[in-house]
Amino acid sequence: MKKIIIDCDPGHDDALALIMAVASPKLELLAVTTSAGNQTPDKTLNNAMRMLTLLKENKIPVAGGNQKPLMQDLIIADNVHGETGLDGAVLPTPNFSPVNIPAVQLIAEKLDESSEPVILVVTGPMTNIALFLQIYPHLATKIEKIVFMGGSSTTGNYTPSSEFNIAVDPESAKIVINSGIPLVMAGLNLTHQAQIYQEEIDNIRKIDNNVAQSVAQQLDFYGIYYGQDKWGFKGTPLHDPCTIAWLLHPEYFEGFDYHVDVEVSGELTRGETVVDLFDLLNLPKNVHVLTKIDRKKFIDLLIKLIAKF
Ligand code: BDR
Ligand code: CA
């Protein structure tokens with residue numbers, strides 16, 4: 001069983017990552033921490049707790065993270081995820097409280113007490129992880145790897161060159177990506193392949209449990225944004241759950257090691273993950289960049305795990 005901590009900003013696709021992690025017997029979810037991103041930090045924290053309450057998981061400690069990115073004002077994605085950050089579904093009121101310590105401290109405690117290295121799964125801006133590495137550098141060796149949704153080796157989705165999670169806090173992303181910790185990147189070049197089609201959402205709706213009903217309602221809302229003609233998508237890309245799917249079934253994916261860094265000063269390119277696809281810089285290959293996903297197997301896995309509740 002792999003021990004993981006999820007740092008997320010729920011967010012509809014973050015919520016799916018939580019569902020998969022809780023449902024899989026192959027993962028032990030030690031803690032959930034939340035970042036400011038898709039919505040304000042109070043809302044993303046509340047959403048993580050609402051989701052865990054829906055999943056009947058009130059023993060996993062949840063802690064809220066930093067209120068804003070390291071250097072810039074918070075950008076939110078209410079155009080994608082709505083006023084609550086999880087619009088579209090009625091979710092239960094949390095039946096437990098967050099722990100009374102900040103996210104970085106909860107991560108530190110969980111790493112410190114673990115006898116084996118832990119995998120960090122990051123599905124939002126990297127603020128908490130960058131702060132953690134600065135405050136607790138001696139615990140970095142307890143991190144086996146960081147699997148993150150963010151960046152892109154092709155196009156952006158916030159600006160033409162930046163993906164949202166990196167654009168929210170480029171300085172934090174730069175710290176994490178240059179940390180020397182093994183990194184696995186599920187960027188937009190991958191996650192835009194991970195689309196769920198309408199008939200598959202309808203199949204989820206037919207599953208007789210309240211988690212499936214909530215997911216179908218959430219995807220109905222989330223799909224509105226990605227249904228805009230400008231994207232040219234047949235379905236709705238499920239970014240964040242690609243991280244959990246890779247942990248469970250790396251054979252569904254293809255990926256390569258590249259040197260990656262983050263642009264923090266470009267006038268047009270701030271927040272871009274610069275991926276050295278042709279090894280032009282001859283620098284250490286610090287990131288395993290996922291490039292292909294077997295879409296059908298990924299969706300089948302998602303549906304199988306949703307049906308477990
Ligand atoms: C990322 O941004 C957020 O809107 C999603 O939750 C995902 O983590 C995609 O760019
Ligand atoms: Ca997210």
# chains A, B, ... in the order shown; residues from 1 in each chain; ligands from 1
$ residues_near_ligand --ligand "ligand 2" --cutoff "8 Å" --atoms "only C-alpha atoms and all ligand atoms" --output "list in words"
Cys8, Asp9, Pro10, Gly11, His12, Asp13, Asp14, Gly37, Asn38, Thr123, Gly124, Pro125, Met149, Asn165, His239 and Asp240 of chain A
$ select_by_dssp --residues "segment 177-216 of chain A" --states "helix (DSSP H, G or I)" --output "PyMOL selection string"
chain A and resi 177+188-191+198-205+210-216
$ closest_atom_pairs --of "segment 16-133 of chain A" --to "segment 245-250 of chain A" --cutoff "10 Å" --atoms "only C-alpha atoms" --output "CSV"
residue,atom,partner,partner_atom,distance
A:Ala17,CA,A:Ala245,CA,8.5
A:Met20,CA,A:Ala245,CA,8.0
A:Ala21,CA,A:Ala245,CA,9.0
A:Ser24,CA,A:Leu248,CA,8.3
A:Pro25,CA,A:Leu248,CA,9.9
A:Lys26,CA,A:Leu248,CA,7.2
A:Leu27,CA,A:Leu248,CA,8.2
A:Ile119,CA,A:Leu247,CA,9.4
A:Val121,CA,A:Leu247,CA,9.5
$ write_last_selection --atoms "C-alpha atoms" --output "PDB file, in the first residue's frame"
ATOM      1  CA  ALA A  17      -8.804  12.693  -7.186  1.00  0.00           C
ATOM      2  CA  MET A  20     -10.202   7.734  -6.277  1.00  0.00           C
ATOM      3  CA  ALA A  21      -7.659   7.925  -3.462  1.00  0.00           C
ATOM      4  CA  SER A  24      -8.550   2.509  -3.751  1.00  0.00           C
ATOM      5  CA  PRO A  25      -7.266  -0.156  -1.358  1.00  0.00           C
ATOM      6  CA  LYS A  26      -3.791   0.372  -2.836  1.00  0.00           C
ATOM      7  CA  LEU A  27      -3.425   3.848  -1.311  1.00  0.00           C
ATOM      8  CA  ILE A 119       4.282  10.361  -1.886  1.00  0.00           C
ATOM      9  CA  VAL A 121       0.121  14.368  -4.655  1.00  0.00           C
TER      10      VAL A 121
END
$ atom_distance --atom1 "atom CA of Ala212 of chain A" --atom2 "atom CA of Leu91 of chain A"
12.2 Å
$ closest_atom_pairs --of "segment 150-215 of chain A" --to "segment 288-301 of chain A" --cutoff "6 Å" --atoms "only C-alpha atoms" --output "tab-separated table"
residue	atom	partner	partner_atom	distance
A:Val184	CA	A:His288	CA	4.7
A:Met185	CA	A:Val289	CA	4.9
A:Ala186	CA	A:Leu290	CA	5.6
A:Leu190	CA	A:Thr291	CA	5.2
A:Ala194	CA	A:Arg295	CA	5.4
$ write_last_selection --atoms "all heavy atoms" --output "CSV table (one decimal), in the first residue's frame"
chain,number,residue,atom,x,y,z
A,184,VAL,N,6.8,13.9,-10.9
A,184,VAL,CA,6.1,13.3,-12.0
A,184,VAL,C,5.0,14.4,-12.3
A,184,VAL,O,4.3,14.8,-11.5
A,184,VAL,CB,5.4,12.0,-11.6
A,184,VAL,CG1,4.5,11.5,-12.8
A,184,VAL,CG2,6.4,11.0,-11.2
A,185,MET,N,5.0,14.8,-13.6
A,185,MET,CA,4.2,15.9,-14.0
A,185,MET,C,3.0,15.4,-14.9
A,185,MET,O,3.3,14.8,-16.0
A,185,MET,CB,5.0,16.9,-14.8
A,185,MET,CG,4.2,18.0,-15.5
A,185,MET,SD,5.4,19.3,-16.1
A,185,MET,CE,4.5,19.7,-17.7
A,186,ALA,N,1.8,15.7,-14.5
A,186,ALA,CA,0.6,15.5,-15.3
A,186,ALA,C,0.2,16.9,-15.7
A,186,ALA,O,-0.5,17.6,-15.0
A,186,ALA,CB,-0.5,14.8,-14.5
A,190,LEU,N,-1.0,16.2,-21.2
A,190,LEU,CA,-1.5,14.9,-20.9
A,190,LEU,C,-3.0,15.0,-20.6
A,190,LEU,O,-3.8,14.2,-21.1
A,190,LEU,CB,-0.8,14.3,-19.7
A,190,LEU,CG,-1.4,13.0,-19.2
A,190,LEU,CD1,-0.7,11.8,-19.9
A,190,LEU,CD2,-1.4,12.8,-17.7
A,194,ALA,N,-7.4,13.3,-21.2
A,194,ALA,CA,-8.1,12.5,-20.2
A,194,ALA,C,-9.6,13.0,-20.1
A,194,ALA,O,-10.0,13.4,-19.1
A,194,ALA,CB,-7.4,12.6,-18.9
$ closest_residue --among "A:Phe278, A:Phe309, A:Tyr136, A:Tyr197" --to "Asn210 of chain A" --atoms "only C-alpha atoms"
A:Phe309
$ residues_around --residues "Lys145 of chain A" --least-positions-apart "2" --cutoff "6 Å" --atoms "only C-alpha atoms" --output "ChimeraX atom specification"
/A:119,143,182-183
$ write_last_selection --atoms "C-alpha atoms" --output "mmCIF file, in the first residue's frame"
data_model
loop_
_atom_site.group_PDB
_atom_site.id
_atom_site.type_symbol
_atom_site.label_atom_id
_atom_site.label_comp_id
_atom_site.auth_asym_id
_atom_site.auth_seq_id
_atom_site.Cartn_x
_atom_site.Cartn_y
_atom_site.Cartn_z
ATOM 1 C CA ILE A 119 4.282 10.361 -1.886
ATOM 2 C CA ILE A 143 9.208 12.482 0.352
ATOM 3 C CA PRO A 182 11.708 13.124 -7.873
ATOM 4 C CA LEU A 183 8.794 14.697 -9.743
#
$ residues_around --residues "Val32 of chain A" --least-positions-apart "2" --cutoff "10 Å" --atoms "only C-alpha atoms" --output "list in words"
Ile4, Ile5, Ile6, Asp7, Cys8, Leu18, Leu29, Leu30, Thr34, Leu45, Ala48, Met49, Leu52, Ile60, Pro61, Val62, Ala63, Gly64, Pro98, Ala103, Leu106, Ile107 and Val121 of chain A
$ closest_residue --among "A:Asn46, A:Ser115, A:Gln198, A:Ser162" --to "Glu263 of chain A" --atoms "only C-alpha atoms"
A:Ser162
$ closest_residue --among "A:Phe233, A:Phe253, A:Tyr158, A:Tyr225" --to "ligand 1" --atoms "only C-alpha atoms and all ligand atoms"
A:Tyr158
$ closest_residue --among "A:Ile224, A:Leu277, A:Leu188, A:Ile177" --to "ligand 1" --atoms "only C-alpha atoms and all ligand atoms"
A:Leu188
$ select_by_dssp --residues "segment 40-260 of chain A" --states "strand (DSSP E or B)" --output "ChimeraX atom specification"
/A:62-64,118-122,143-149,183-186,195-196,236-237,253-258,260
$ write_last_selection --atoms "C-alpha atoms" --output "PDB file, in the first residue's frame"
ATOM      1  CA  VAL A  62      -7.450  17.891   6.948  1.00  0.00           C
ATOM      2  CA  ALA A  63      -5.549  21.166   7.294  1.00  0.00           C
ATOM      3  CA  GLY A  64      -5.891  24.475   5.519  1.00  0.00           C
ATOM      4  CA  VAL A 118       5.535   9.228   1.521  1.00  0.00           C
ATOM      5  CA  ILE A 119       4.282  10.361  -1.886  1.00  0.00           C
ATOM      6  CA  LEU A 120       2.921  13.906  -2.147  1.00  0.00           C
ATOM      7  CA  VAL A 121       0.121  14.368  -4.655  1.00  0.00           C
ATOM      8  CA  VAL A 122      -0.358  18.024  -5.560  1.00  0.00           C
ATOM      9  CA  ILE A 143       9.208  12.482   0.352  1.00  0.00           C
ATOM     10  CA  GLU A 144       9.487   9.581  -2.087  1.00  0.00           C
ATOM     11  CA  LYS A 145       8.239  11.695  -4.961  1.00  0.00           C
ATOM     12  CA  ILE A 146       5.831  14.492  -5.809  1.00  0.00           C
ATOM     13  CA  VAL A 147       3.177  13.681  -8.396  1.00  0.00           C
ATOM     14  CA  PHE A 148       1.556  16.890  -9.535  1.00  0.00           C
ATOM     15  CA  MET A 149      -1.054  18.182 -11.921  1.00  0.00           C
ATOM     16  CA  LEU A 183       8.794  14.697  -9.743  1.00  0.00           C
ATOM     17  CA  VAL A 184       6.059  13.333 -11.979  1.00  0.00           C
ATOM     18  CA  MET A 185       4.158  15.914 -14.015  1.00  0.00           C
ATOM     19  CA  ALA A 186       0.631  15.484 -15.299  1.00  0.00           C
ATOM     20  CA  GLN A 195     -11.609  13.519 -21.299  1.00  0.00           C
ATOM     21  CA  ILE A 196     -14.818  12.020 -20.013  1.00  0.00           C
ATOM     22  CA  THR A 236     -14.480  17.232 -20.385  1.00  0.00           C
ATOM     23  CA  PRO A 237     -10.825  16.934 -19.349  1.00  0.00           C
ATOM     24  CA  PHE A 253       0.587   6.078 -19.283  1.00  0.00           C
ATOM     25  CA  GLU A 254       3.630   6.972 -21.332  1.00  0.00           C
ATOM     26  CA  GLY A 255       6.187   9.499 -20.113  1.00  0.00           C
ATOM     27  CA  PHE A 256       9.769  10.668 -20.473  1.00  0.00           C
ATOM     28  CA  ASP A 257      12.339  12.392 -18.293  1.00  0.00           C
ATOM     29  CA  TYR A 258      13.057  15.995 -19.221  1.00  0.00           C
ATOM     30  CA  VAL A 260      11.848  21.394 -16.663  1.00  0.00           C
TER      31      VAL A 260
END
$ residues_around --residues "Asn66 of chain A" --least-positions-apart "6" --cutoff "12 Å" --atoms "only C-alpha atoms" --output "VMD selection string"
chain A and resid 7 to 9 33 to 37 40 to 42 44 to 45 74 101 to 105 125 to 132 169 172
$ atom_distance --atom1 "atom CA of Ala89 of chain A" --atom2 "atom CA of Val215 of chain A"
7.8 Å
$ closest_residue --among "A:Val211, A:Ala108, A:Leu16, A:Val275" --to "ligand 1" --atoms "only C-alpha atoms and all ligand atoms"
A:Leu16
$ closest_residue --among "A:Glu163, A:Glu57, A:Asp87, A:Glu267" --to "ligand 1" --atoms "only C-alpha atoms and all ligand atoms"
A:Glu163
$ residues_around --residues "segment 75-78 of chain A" --least-positions-apart "3" --cutoff "6 Å" --atoms "only C-alpha atoms" --output "PyMOL selection string"
chain A and resi 37-39+81-83+168
$ atom_distance --atom1 "atom CA of Arg50 of chain A" --atom2 "atom CA of Gly65 of chain A"
16.6 Å
$ decode --residues "segment 8-35 of chain A" --atoms "N, CA and C atoms" --output "compact mmCIF listing (two decimals), in the first residue's frame"
# COMPACT_ATOMS: atom_id res chain seq x y z
N CYS A 8 -4.50 19.89 -2.24
CA CYS A 8 -5.44 20.14 -3.34
C CYS A 8 -6.22 21.45 -3.13
N ASP A 9 -6.96 21.84 -4.16
CA ASP A 9 -7.77 23.07 -4.08
C ASP A 9 -9.18 22.80 -4.64
N PRO A 10 -9.92 21.88 -4.01
CA PRO A 10 -11.19 21.44 -4.65
C PRO A 10 -12.17 22.57 -4.89
N GLY A 11 -12.66 22.66 -6.12
CA GLY A 11 -12.36 22.07 -7.41
C GLY A 11 -12.95 20.67 -7.72
N HIS A 12 -13.69 20.66 -8.88
CA HIS A 12 -14.35 19.43 -9.31
C HIS A 12 -13.38 18.30 -9.60
N ASP A 13 -12.29 18.59 -10.30
CA ASP A 13 -11.38 17.50 -10.65
C ASP A 13 -10.53 17.09 -9.45
N ASP A 14 -10.25 18.03 -8.54
CA ASP A 14 -9.60 17.66 -7.27
C ASP A 14 -10.50 16.68 -6.51
N ALA A 15 -11.80 16.97 -6.53
CA ALA A 15 -12.76 16.11 -5.81
C ALA A 15 -12.69 14.68 -6.35
N LEU A 16 -12.53 14.55 -7.66
CA LEU A 16 -12.42 13.20 -8.25
C LEU A 16 -11.14 12.51 -7.80
N ALA A 17 -10.06 13.28 -7.68
CA ALA A 17 -8.80 12.69 -7.19
C ALA A 17 -9.00 12.18 -5.76
N LEU A 18 -9.71 12.95 -4.94
CA LEU A 18 -9.98 12.51 -3.55
C LEU A 18 -10.80 11.22 -3.55
N ILE A 19 -11.81 11.19 -4.40
CA ILE A 19 -12.67 9.99 -4.46
C ILE A 19 -11.84 8.76 -4.82
N MET A 20 -11.01 8.89 -5.84
CA MET A 20 -10.20 7.73 -6.28
C MET A 20 -9.24 7.30 -5.18
N ALA A 21 -8.64 8.27 -4.50
CA ALA A 21 -7.66 7.92 -3.46
C ALA A 21 -8.33 7.23 -2.28
N VAL A 22 -9.50 7.72 -1.90
CA VAL A 22 -10.21 7.10 -0.77
C VAL A 22 -10.70 5.70 -1.16
N ALA A 23 -11.15 5.56 -2.39
CA ALA A 23 -11.76 4.29 -2.81
C ALA A 23 -10.73 3.18 -3.03
N SER A 24 -9.51 3.55 -3.38
CA SER A 24 -8.55 2.51 -3.75
C SER A 24 -7.91 1.85 -2.52
N PRO A 25 -7.94 0.53 -2.46
CA PRO A 25 -7.27 -0.16 -1.36
C PRO A 25 -5.75 -0.13 -1.49
N LYS A 26 -5.25 0.36 -2.64
CA LYS A 26 -3.79 0.37 -2.84
C LYS A 26 -3.14 1.63 -2.26
N LEU A 27 -3.97 2.58 -1.82
CA LEU A 27 -3.42 3.85 -1.31
C LEU A 27 -3.86 4.08 0.12
N GLU A 28 -2.94 4.57 0.92
CA GLU A 28 -3.29 4.97 2.29
C GLU A 28 -3.17 6.49 2.34
N LEU A 29 -4.30 7.15 2.49
CA LEU A 29 -4.34 8.61 2.49
C LEU A 29 -4.07 9.11 3.92
N LEU A 30 -2.85 9.63 4.14
CA LEU A 30 -2.44 10.02 5.50
C LEU A 30 -3.03 11.36 5.91
N ALA A 31 -3.21 12.25 4.94
CA ALA A 31 -3.71 13.60 5.26
C ALA A 31 -4.14 14.29 3.97
N VAL A 32 -5.00 15.27 4.14
CA VAL A 32 -5.39 16.13 3.02
C VAL A 32 -5.11 17.57 3.45
N THR A 33 -4.37 18.28 2.62
CA THR A 33 -4.15 19.70 2.90
C THR A 33 -4.70 20.50 1.71
N THR A 34 -5.05 21.74 1.99
CA THR A 34 -5.69 22.50 0.91
C THR A 34 -4.94 23.79 0.62
N SER A 35 -5.00 24.17 -0.64
CA SER A 35 -4.33 25.38 -1.11
C SER A 35 -5.37 26.35 -1.63
